[in-house]
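Asker: Got a structure for you, written out below as structure tokens; questions coming shortly.
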Amino acid sequence: MKLRMRLILVFVTLSVLGTFLFQGYWLWNSYRIEKKHFQSRINETLQQAINEDLTFRLETLEKDTAHDAPHGQIEFTFSLDSTSHASSRQKPRRVYNRTSLKVETTADSTVFGLYKPENTPMMRMAFKGIWQAINGLSPVDIQKLDSLWGTYLRQEGIRNPHFIDFTIGKDTLLASSLPDNENPAQLMPTQKIGVNADDSIGIQGFIVSPDKTVFREMGTLLFASLLLLAITTACYTYLIRTILRQKTIAQIKNDFVNNMTHELKTPITITYSAIDALQTFNFVEQKDTREEYFTLCRQQLKHLSGLVEKILSMAVDERKNFRLQKETFQLRPLMDSLIRQFTLKANKEVRFHLDMQPEEIAIYADKLHFTNMISNLLDNAIKYSGTSVDIDIRARESEEWLQLSVTDNGIGIPQAQQSRVFERFYRVSKGNIHDVKGFGLGLSYVKDIVERHGGSITLQSKERQGSTFTLLIPIRK
């Protein structure tokens, strides 16, 4: 049994750990893919901003027709790339198709090529040549370019702080849109876009704190994954606790069955021996001996009846779907009957004090189980007290509730164990109770029944000063 339990725990633990590892790996891959997609978007938007800035500068130069303008005639055309337009969501997005740039400085004109996009490398070379030529006539404004890039980023849902560096060589900064007094951390750079023939001059953008945006865009996926992990962890914890608890209960039940078997055999054997003696020997005329044997039989049968009641109480507690048979009855006659019964059967001096306000209290409850609840409380009060017992029973009626308390002057219950006295099979192990037999079922039964009535039970106790159990039960239907 122990080996089987260990194997179950090992397999369940491995399966849960495997789920965690797989989920973590999947989330990491999702994060990498999302980050790569984010990188691609900021690269594309920066290229769009550079293209758009170049277009604006070309248009400005074209409109400048003054005789002292530093350029000659400029002609350029644009066409709409439907695929790029659809992905960029711009209205419209302009991309270069063919650009003819002619710069006239004297009577002898110099023509900077005729660029046609027959292939991608040629297109890139065309862009660099155009950008370099135009930048000599109308230098790029980094702040304006950064603002234009921000517009494209916001269209993509990216609202992080950002800036652009204009560099020459590997680390020489020509200009930057980042203020000199700022030094942000956690940057994601775009690819460096070369703007001259040998790519020595380039433009590169930077996004501040990109992970926040990546995690935000993964929000639904991340939340669902974390929720799944939390549910899995909670279920695993609950499963382990349930298995361990069931294992403990199974061990306690085995001990209970062994003890109960011994307890049942004892009164049966004694009663059988007494009856056999009465039949075998002539005790009819020996009145004292006869009464002694009859008293012994009566005591053992009473003890046997108590054991049967404990078993029945446990069986009722196991039946979670049994229904209470509620009825309306008077509380005073029931309490008087119970006081008489316990006064007669107690083997010690017991004094009961009953205080009911008002004197006539009608309650709507299951009479049998309600009687058993009070009997359990009174029986415990007598068993766990000294040779002289004082029991105060106090009943108070409000508009909707009956508050019934049973107070004794017994040995009390340690503070550390008070929270467990209502558990099944639990018995307080501290105190002078070695001569008191029991199975730890009474108070768990009381708690179960009072909760089925829609009420509650509380305990107040001090060691060597006694205990008070208080029942709160709905008084009417």
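Starting from 1 in every chain, residues are counted up; chains themselves are A, B, ... following the order of the structure tokens, and ligands are numbered from 1 as listed.
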At a cut-off of 8 Å, using only C-alpha atoms, what residues contact segment 144-154 of chain A? Leave out same-chain residues fewer than 4 positions from it and give the result as a list of chain:residue names.
Answerer: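 Answer for this query is A:Ile42, A:Thr45, A:Leu46, A:Gln48, A:Ala49, A:Ile50, A:Asp53, A:Val140, A:Ile158, A:Arg159, A:His162, A:Phe163, A:Ile164, A:Ser177.
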Asker: Give me every alpha helix (DSSP H) residue in segment 138-211 of chain A, going by DSSP on the backbone, as a PyMOL selection string.
Answerer: chain A and resi 142-155+210-211
Asker: Find the nearest atom pair between each residue of segment 297-416 of chain A and segment 460-477 of chain A for residues within 7 Å, count only C-alpha atoms, give distances in Å to one decimal, sort rows by chain and ascending number, and present the table as a Markdown table.
Answerer:
```
| residue | atom | partner | partner_atom | distance |
| --- | --- | --- | --- | --- |
| A:Ile363 | CA | A:Ile475 | CA | 4.8 |
| A:Tyr364 | CA | A:Arg476 | CA | 5.0 |
| A:Glu400 | CA | A:Ile475 | CA | 5.6 |
| A:Trp401 | CA | A:Pro474 | CA | 4.5 |
| A:Leu402 | CA | A:Ile473 | CA | 5.2 |
| A:Gln403 | CA | A:Leu472 | CA | 4.7 |
| A:Leu404 | CA | A:Leu471 | CA | 5.1 |
| A:Ser405 | CA | A:Thr470 | CA | 4.1 |
| A:Val406 | CA | A:Phe469 | CA | 5.4 |
| A:Thr407 | CA | A:Thr468 | CA | 4.3 |
| A:Asp408 | CA | A:Gly466 | CA | 5.3 |
| A:Asn409 | CA | A:Gly466 | CA | 4.1 |
| A:Gly410 | CA | A:Gly466 | CA | 4.3 |
| A:Ile411 | CA | A:Arg464 | CA | 4.3 |
| A:Gly412 | CA | A:Glu463 | CA | 4.2 |
| A:Ile413 | CA | A:Glu463 | CA | 5.5 |
| A:Pro414 | CA | A:Glu463 | CA | 5.8 |
```
Asker: Ile275 of chain A: which residues within 9 Å, counting only C-alpha atoms, same-chain residues fewer than 4 positions away excluded, as a list in words?
Answerer: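 After dropping sequence-adjacent residues, the list is Ile270, Thr271, Gln279, Thr280, Tyr293, Phe294 and Cys297 of chain A.
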Asker: Looking at only C-alpha atoms, which of A:Asn160, A:Leu441, A:Thr233, A:Leu296 is the one that sits closest to Ile252 of chain A?
Answerer: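 Under the stated criterion, the closest residue is A:Leu441.
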Asker: Counting only C-alpha atoms, what is within 12 Å of Phe215 of chain A, bar same-chain residues fewer than 3 positions away, as a PyMOL selection string?
Answerer: chain A and resi 27-28+30-35+38+209-212+218-223
Asker: State, in Å with one decimal place, the distance from atom CA of Thr55 of chain A to atom CA of Phe166 of chain A.
Answerer: 18.5 Å
